[in-house]
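**Q** Below is the file upload.cif, which contains mmCIF, C-alpha atoms.
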```cif
data_target
#
loop_
_atom_site.group_PDB
_atom_site.id
_atom_site.type_symbol
_atom_site.label_atom_id
_atom_site.label_comp_id
_atom_site.auth_asym_id
_atom_site.auth_seq_id
_atom_site.Cartn_x
_atom_site.Cartn_y
_atom_site.Cartn_z
ATOM 1 C CA MET E 18 0.000 0.000 0.000
ATOM 2 C CA GLY E 19 1.427 3.359 -0.992
ATOM 3 C CA MET E 20 1.408 6.550 1.002
ATOM 4 C CA ILE E 21 -1.528 7.758 -1.095
ATOM 5 C CA VAL E 22 -4.078 6.609 1.503
ATOM 6 C CA TYR E 23 -2.193 8.190 4.422
ATOM 7 C CA SER E 24 -1.683 11.478 2.582
ATOM 8 C CA GLY E 25 -5.264 11.585 1.290
ATOM 9 C CA LYS E 26 -7.997 13.848 2.613
ATOM 10 C CA PRO E 27 -10.173 11.052 4.142
ATOM 11 C CA PHE E 28 -7.270 9.829 6.300
ATOM 12 C CA LYS E 29 -6.195 13.342 7.344
ATOM 13 C CA ASP E 30 -9.771 14.323 8.199
ATOM 14 C CA LEU E 31 -10.264 11.168 10.273
ATOM 15 C CA MET E 32 -7.052 11.710 12.232
ATOM 16 C CA ASN E 33 -7.454 15.454 12.701
ATOM 17 C CA SER E 34 -11.005 15.006 13.958
ATOM 18 C CA ASN E 35 -9.419 13.475 17.066
ATOM 19 C CA TYR E 36 -7.063 16.365 17.796
ATOM 20 C CA TYR E 37 -8.768 19.520 16.573
ATOM 21 C CA PRO E 38 -10.474 21.634 17.773
ATOM 22 C CA LEU E 39 -9.779 21.648 21.504
ATOM 23 C CA ALA E 40 -13.127 19.989 22.339
ATOM 24 C CA ASN E 41 -12.187 16.995 20.156
ATOM 25 C CA MET E 42 -8.724 16.803 21.713
ATOM 26 C CA LYS E 43 -10.315 16.744 25.183
ATOM 27 C CA LYS E 44 -12.553 13.828 24.115
ATOM 28 C CA SER E 45 -9.523 11.953 22.806
ATOM 29 C CA VAL E 46 -7.594 12.514 26.029
ATOM 30 C CA ALA E 47 -10.556 11.165 28.011
ATOM 31 C CA LYS E 48 -10.765 8.114 25.726
ATOM 32 C CA LEU E 49 -7.039 7.416 26.104
ATOM 33 C CA LYS E 50 -7.176 7.868 29.890
ATOM 34 C CA ALA E 51 -9.992 5.302 30.003
ATOM 35 C CA SER E 52 -8.035 2.799 27.895
ATOM 36 C CA GLU E 53 -6.039 0.044 29.555
ATOM 37 C CA ASP E 54 -3.866 -0.201 26.421
ATOM 38 C CA ILE E 55 -1.944 3.052 26.812
ATOM 39 C CA ASP E 56 -0.256 5.271 29.387
ATOM 40 C CA LEU E 57 -0.395 8.983 28.570
ATOM 41 C CA ALA E 58 2.751 9.719 30.604
ATOM 42 C CA THR E 59 4.836 7.425 28.357
ATOM 43 C CA LEU E 60 2.866 7.903 25.140
ATOM 44 C CA GLU E 61 4.740 7.550 21.841
ATOM 45 C CA TYR E 62 3.726 8.733 18.393
ATOM 46 C CA GLY E 63 1.596 6.106 16.698
ATOM 47 C CA GLN E 64 0.413 4.215 19.788
ATOM 48 C CA TYR E 65 -2.866 6.068 20.117
ATOM 49 C CA HIS E 66 -4.165 6.041 16.539
ATOM 50 C CA LEU E 67 -5.830 2.609 16.640
ATOM 51 C CA ILE E 68 -7.308 3.327 20.077
ATOM 52 C CA LEU E 69 -8.926 6.559 18.906
ATOM 53 C CA ASN E 70 -10.058 5.144 15.556
ATOM 54 C CA PRO E 71 -11.148 1.521 15.275
ATOM 55 C CA PRO E 72 -9.704 -0.186 12.159
ATOM 56 C CA SER E 73 -13.151 -0.314 10.552
ATOM 57 C CA LYS E 74 -13.194 3.509 10.288
ATOM 58 C CA TRP E 75 -9.834 3.821 8.519
ATOM 59 C CA PRO E 76 -10.086 4.538 4.772
ATOM 60 C CA GLN E 77 -9.253 1.748 2.317
ATOM 61 C CA GLY E 78 -8.215 -0.719 5.034
ATOM 62 C CA SER E 79 -5.206 1.434 5.910
ATOM 63 C CA ALA E 80 -5.264 0.438 9.601
ATOM 64 C CA LYS E 81 -3.972 -2.968 8.514
ATOM 65 C CA TYR E 82 -0.653 -1.386 7.488
ATOM 66 C CA TRP E 83 -0.372 1.263 10.195
ATOM 67 C CA HIS E 84 2.037 -0.526 12.561
ATOM 68 C CA LYS E 85 4.430 -1.300 9.711
ATOM 69 C CA GLU E 86 4.403 2.269 8.342
ATOM 70 C CA LYS E 87 4.630 3.802 11.815
ATOM 71 C CA GLY E 88 7.538 1.489 12.639
ATOM 72 C CA ARG E 89 9.435 2.526 9.514
ATOM 73 C CA ALA E 90 8.985 6.182 10.412
ATOM 74 C CA ARG E 91 10.143 5.617 13.995
ATOM 75 C CA VAL E 92 13.277 3.728 12.835
ATOM 76 C CA ASP E 93 14.176 6.493 10.344
ATOM 77 C CA LEU E 94 13.578 9.293 12.845
ATOM 78 C CA SER E 95 15.543 7.471 15.562
ATOM 79 C CA THR E 96 18.691 7.745 13.431
ATOM 80 C CA GLN E 97 18.362 11.520 12.997
ATOM 81 C CA PRO E 98 19.996 13.668 15.714
ATOM 82 C CA ASN E 99 17.946 16.563 17.073
ATOM 83 C CA THR E 100 19.117 19.996 18.200
ATOM 84 C CA VAL E 101 15.686 21.684 18.409
ATOM 85 C CA PRO E 102 14.169 22.492 21.824
ATOM 86 C CA LEU E 103 10.772 20.979 22.603
ATOM 87 C CA SER E 104 9.010 24.370 22.690
ATOM 88 C CA ARG E 105 9.498 28.001 23.705
ATOM 89 C CA ASP E 106 8.169 27.299 27.193
ATOM 90 C CA GLU E 107 10.663 24.413 27.601
ATOM 91 C CA PRO E 108 13.817 25.680 25.844
ATOM 92 C CA GLY E 109 16.122 23.469 27.927
ATOM 93 C CA VAL E 110 14.382 20.265 26.826
ATOM 94 C CA ILE E 111 16.236 19.092 23.722
ATOM 95 C CA PRO E 112 15.369 15.470 22.902
ATOM 96 C CA LEU E 113 18.299 13.476 21.466
ATOM 97 C CA THR E 114 16.680 12.303 18.204
ATOM 98 C CA ARG E 115 13.924 13.511 15.885
ATOM 99 C CA CYS E 116 11.842 10.520 17.012
ATOM 100 C CA ASP E 117 12.314 11.573 20.647
ATOM 101 C CA LEU E 118 11.251 15.120 19.708
ATOM 102 C CA LEU E 119 8.136 13.811 17.962
ATOM 103 C CA ASP E 120 7.213 11.710 21.002
ATOM 104 C CA ALA E 121 7.845 14.627 23.374
ATOM 105 C CA CYS E 122 5.647 16.957 21.300
ATOM 106 C CA VAL E 123 2.803 14.436 21.201
ATOM 107 C CA ARG E 124 3.089 13.800 24.954
ATOM 108 C CA LYS E 125 3.044 17.558 25.562
ATOM 109 C CA CYS E 126 -0.171 17.882 23.543
ATOM 110 C CA PHE E 127 -2.008 15.033 25.265
ATOM 111 C CA ASN E 128 -0.714 15.709 28.808
ATOM 112 C CA SER E 129 -1.030 19.515 29.022
ATOM 113 C CA GLU E 130 -3.887 21.075 30.916
ATOM 114 C CA PRO E 131 -5.839 21.912 28.885
ATOM 115 C CA PRO E 132 -4.535 19.624 26.158
ATOM 116 C CA ILE E 133 -2.956 21.260 23.129
ATOM 117 C CA PRO E 134 -4.787 20.550 19.867
ATOM 118 C CA MET E 135 -2.855 19.216 16.880
ATOM 119 C CA LYS E 136 -3.276 19.463 13.138
ATOM 120 C CA THR E 137 -1.493 16.659 11.344
ATOM 121 C CA ASN E 138 -0.475 16.303 7.757
ATOM 122 C CA ILE E 139 1.252 13.492 5.897
ATOM 123 C CA ILE E 140 3.109 14.267 2.697
ATOM 124 C CA THR E 141 5.702 12.522 0.523
ATOM 125 C CA HIS E 142 9.158 13.778 -0.371
ATOM 126 C CA ALA E 143 9.720 14.953 -3.932
ATOM 127 C CA PRO E 144 12.234 12.744 -5.776
ATOM 128 C CA SER E 145 14.696 15.667 -5.872
ATOM 129 C CA ASP E 146 14.656 16.304 -2.084
ATOM 130 C CA ALA E 147 18.038 15.907 -0.397
ATOM 131 C CA TYR E 148 16.800 13.161 1.914
ATOM 132 C CA ALA E 149 14.008 11.794 -0.264
ATOM 133 C CA HIS E 150 14.805 8.236 0.874
ATOM 134 C CA ARG E 151 13.851 8.759 4.535
ATOM 135 C CA HIS E 152 11.128 10.048 6.831
ATOM 136 C CA GLU E 153 11.222 13.569 8.177
ATOM 137 C CA ILE E 154 9.084 15.463 10.666
ATOM 138 C CA ARG E 155 8.214 19.120 10.653
ATOM 139 C CA LEU E 156 6.893 20.386 13.958
ATOM 140 C CA GLU E 157 5.626 23.915 14.388
ATOM 141 C CA TRP E 158 4.006 25.289 17.516
ATOM 142 C CA GLU E 159 1.503 28.119 17.400
ATOM 143 C CA TYR E 160 1.527 30.532 20.329
ATOM 144 C CA LYS E 161 -0.799 33.238 21.570
ATOM 145 C CA LYS E 162 0.672 36.667 20.999
ATOM 146 C CA GLY E 163 3.036 37.523 23.840
ATOM 147 C CA SER E 164 3.047 34.010 25.308
ATOM 148 C CA ASP E 165 5.556 31.174 25.300
ATOM 149 C CA LYS E 166 2.866 28.567 26.036
ATOM 150 C CA PRO E 167 1.871 26.661 22.868
ATOM 151 C CA THR E 168 -1.775 26.576 21.795
ATOM 152 C CA LEU E 169 -1.560 24.356 18.685
ATOM 153 C CA LEU E 170 0.896 21.918 17.113
ATOM 154 C CA TYR E 171 1.248 21.532 13.354
ATOM 155 C CA LEU E 172 2.744 18.071 12.870
ATOM 156 C CA THR E 173 3.820 17.116 9.363
ATOM 157 C CA MET E 174 5.186 13.648 8.630
ATOM 158 C CA VAL E 175 7.152 13.606 5.408
ATOM 159 C CA CYS E 176 7.362 10.080 4.002
ATOM 160 C CA PRO E 177 10.114 8.798 1.714
ATOM 161 C CA HIS E 178 9.737 9.069 -2.021
ATOM 162 C CA ARG E 179 9.234 5.591 -3.393
ATOM 163 C CA PRO E 180 9.598 5.254 -7.147
ATOM 164 C CA SER E 181 6.456 3.862 -8.750
ATOM 165 C CA LYS E 182 6.713 0.285 -9.939
ATOM 166 C CA SER E 183 6.218 -0.094 -13.650
#
```
Please render this file's structure as structure tokens.

**A**
Amino acid sequence: MGMIVYSGKPFKDLMNSNYYPLANMKKSVAKLKASEDIDLATLEYGQYHLILNPPSKWPQGSAKYWHKEKGRARVDLSTQPNTVPLSRDEPGVIPLTRCDLLDACVRKCFNSEPPIPMKTNIITHAPSDAYAHRHEIRLEWEYKKGSDKPTLLYLTMVCPHRPSKS
């Protein structure tokens, strides 16, 4: 299965409906707190998706491939050093890898009071990108004017370019 399903509008809408707006994020936090399958304090990117959305709701059977795709992303991101602080309100927290940064951002969103909504996007590298062969994350916090406390996370997963099979 290609990245087309994960980067398509039905998948993005399904995922983002769990994290945005704030009211939806609060419902998701409550659902995760009630689940025996996850611990919010140690939450990692990708663990919560199948809890918040049963496989039957995922477009084109994409839930079937989620663990494999998520695992590939985590392996790629674990090999990429990070020098970016978690957020403006935690400038001294600099996770060691890009995967650690992703996990820390997600934990911050789900564990803050109130939780911080997220808008996620999944795109694919262009063949000419410098690192087109690997995953990348782009994380951007939105802040209220004059505040260092984040109010929204834009999380973009950039998937590797995979040449089409002819």

**Q** Could you write out as number ranges by chain the residues that the PyMOL selection byres ((chain E and resi 34) around 12) matches in the shown file?

**A** E: 26-33, 35-45, 66, 69-70, 134-137

**Q** Of the candidates E:Leu172, E:Cys116, E:Val123, E:Ala149, which one gets nearest to Gly88 in chain E if we count only C-alpha atoms?

**A**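 Looking only at the distances to Gly88 in chain E, the closest residue turns out to be E:Cys116.
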
**Q** Report as a ChimeraX atom specification the residues that result from applying the PyMOL selection byres ((chain E and resi 113) around 12) to the structure here.

**A** /E:94-103,110-112,114-121

**Q** Which residues would end up in the selection if the PyMOL selection byres ((chain E and resi 152-165) around 6) were applied here, given that I need the answer as a PyMOL selection string?

**A** chain E and resi 90+93+105-106+151+166-177

**Q** Taking all atoms of range 43-54 of chain E that the file lists, what box with edges along x, y and z, padded by 6 Å per side, do you get, with centre and edge lengths in Å to one decimal, as lines of an AutoDock Vina configuration file?

**A**
```
center_x = -8.2
center_y = 8.3
center_z = 26.4
size_x = 20.7
size_y = 28.9
size_z = 19.2
```

**Q** Please indicate the distance in Å from CA of Thr141 in chain E to CA of Glu86 in chain E, rounded to one decimal place.

**A**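 Those two atoms sit 13.0 Å apart.
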
**Q** For CA of Asn128 in chain E and CA of Val46 in chain E, determine how far apart the two atoms are, in Å to one decimal place.

**A**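 It comes out at 8.1 Å.
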
**Q** Output range 134-163 of chain E from the block with N, CA and C atoms, as a short mmCIF file (atom, residue, chain, number, x, y, z; two decimals), in the first residue's frame?

**A**
```cif
data_model
loop_
_atom_site.label_atom_id
_atom_site.label_comp_id
_atom_site.auth_asym_id
_atom_site.auth_seq_id
_atom_site.Cartn_x
_atom_site.Cartn_y
_atom_site.Cartn_z
N PRO E 134 -4.33 21.17 21.12
CA PRO E 134 -4.79 20.55 19.87
C PRO E 134 -3.64 20.39 18.86
N MET E 135 -3.83 19.47 17.94
CA MET E 135 -2.86 19.22 16.88
C MET E 135 -3.57 19.23 15.54
N LYS E 136 -2.85 19.64 14.52
CA LYS E 136 -3.28 19.46 13.14
C LYS E 136 -2.16 18.68 12.47
N THR E 137 -2.51 17.51 11.95
CA THR E 137 -1.49 16.66 11.34
C THR E 137 -1.63 16.65 9.83
N ASN E 138 -0.51 16.38 9.20
CA ASN E 138 -0.47 16.30 7.76
C ASN E 138 0.56 15.25 7.40
N ILE E 139 0.30 14.48 6.38
CA ILE E 139 1.25 13.49 5.90
C ILE E 139 1.48 13.78 4.42
N ILE E 140 2.74 13.99 4.08
CA ILE E 140 3.11 14.27 2.70
C ILE E 140 4.26 13.34 2.30
N THR E 141 4.61 13.35 1.03
CA THR E 141 5.70 12.52 0.52
C THR E 141 6.78 13.42 -0.06
N HIS E 142 8.03 13.04 0.20
CA HIS E 142 9.16 13.78 -0.37
C HIS E 142 9.07 13.80 -1.90
N ALA E 143 9.53 14.89 -2.48
CA ALA E 143 9.72 14.95 -3.93
C ALA E 143 10.98 14.14 -4.25
N PRO E 144 11.05 13.54 -5.43
CA PRO E 144 12.23 12.74 -5.78
C PRO E 144 13.54 13.53 -5.69
N SER E 145 13.48 14.84 -5.88
CA SER E 145 14.70 15.67 -5.87
C SER E 145 15.10 16.16 -4.48
N ASP E 146 14.30 15.87 -3.44
CA ASP E 146 14.66 16.30 -2.08
C ASP E 146 15.96 15.66 -1.63
N ALA E 147 16.73 16.39 -0.86
CA ALA E 147 18.04 15.91 -0.40
C ALA E 147 17.94 14.57 0.33
N TYR E 148 16.95 14.40 1.15
CA TYR E 148 16.80 13.16 1.91
C TYR E 148 15.50 12.45 1.53
N ALA E 149 15.25 12.36 0.25
CA ALA E 149 14.01 11.79 -0.26
C ALA E 149 13.81 10.34 0.13
N HIS E 150 14.86 9.66 0.55
CA HIS E 150 14.81 8.24 0.87
C HIS E 150 14.37 7.95 2.31
N ARG E 151 14.17 9.01 3.12
CA ARG E 151 13.85 8.76 4.53
C ARG E 151 12.72 9.65 5.03
N HIS E 152 12.18 9.27 6.20
CA HIS E 152 11.13 10.05 6.83
C HIS E 152 11.72 11.33 7.43
N GLU E 153 10.86 12.30 7.55
CA GLU E 153 11.22 13.57 8.18
C GLU E 153 9.99 14.06 8.93
N ILE E 154 10.21 14.82 10.00
CA ILE E 154 9.08 15.46 10.67
C ILE E 154 9.31 16.96 10.67
N ARG E 155 8.21 17.66 10.54
CA ARG E 155 8.21 19.12 10.65
C ARG E 155 7.22 19.47 11.75
N LEU E 156 7.71 20.07 12.79
CA LEU E 156 6.89 20.39 13.96
C LEU E 156 6.90 21.89 14.18
N GLU E 157 5.72 22.47 14.22
CA GLU E 157 5.63 23.91 14.39
C GLU E 157 4.54 24.22 15.42
N TRP E 158 4.95 24.88 16.48
CA TRP E 158 4.01 25.29 17.52
C TRP E 158 3.41 26.64 17.16
N GLU E 159 2.15 26.81 17.50
CA GLU E 159 1.50 28.12 17.40
C GLU E 159 1.36 28.63 18.83
N TYR E 160 1.59 29.93 19.00
CA TYR E 160 1.53 30.53 20.33
C TYR E 160 0.58 31.73 20.31
N LYS E 161 -0.04 32.00 21.46
CA LYS E 161 -0.80 33.24 21.57
C LYS E 161 0.20 34.38 21.59
N LYS E 162 -0.21 35.50 21.05
CA LYS E 162 0.67 36.67 21.00
C LYS E 162 1.14 37.02 22.41
N GLY E 163 2.46 37.15 22.56
CA GLY E 163 3.04 37.52 23.84
C GLY E 163 3.20 36.39 24.83
#
```
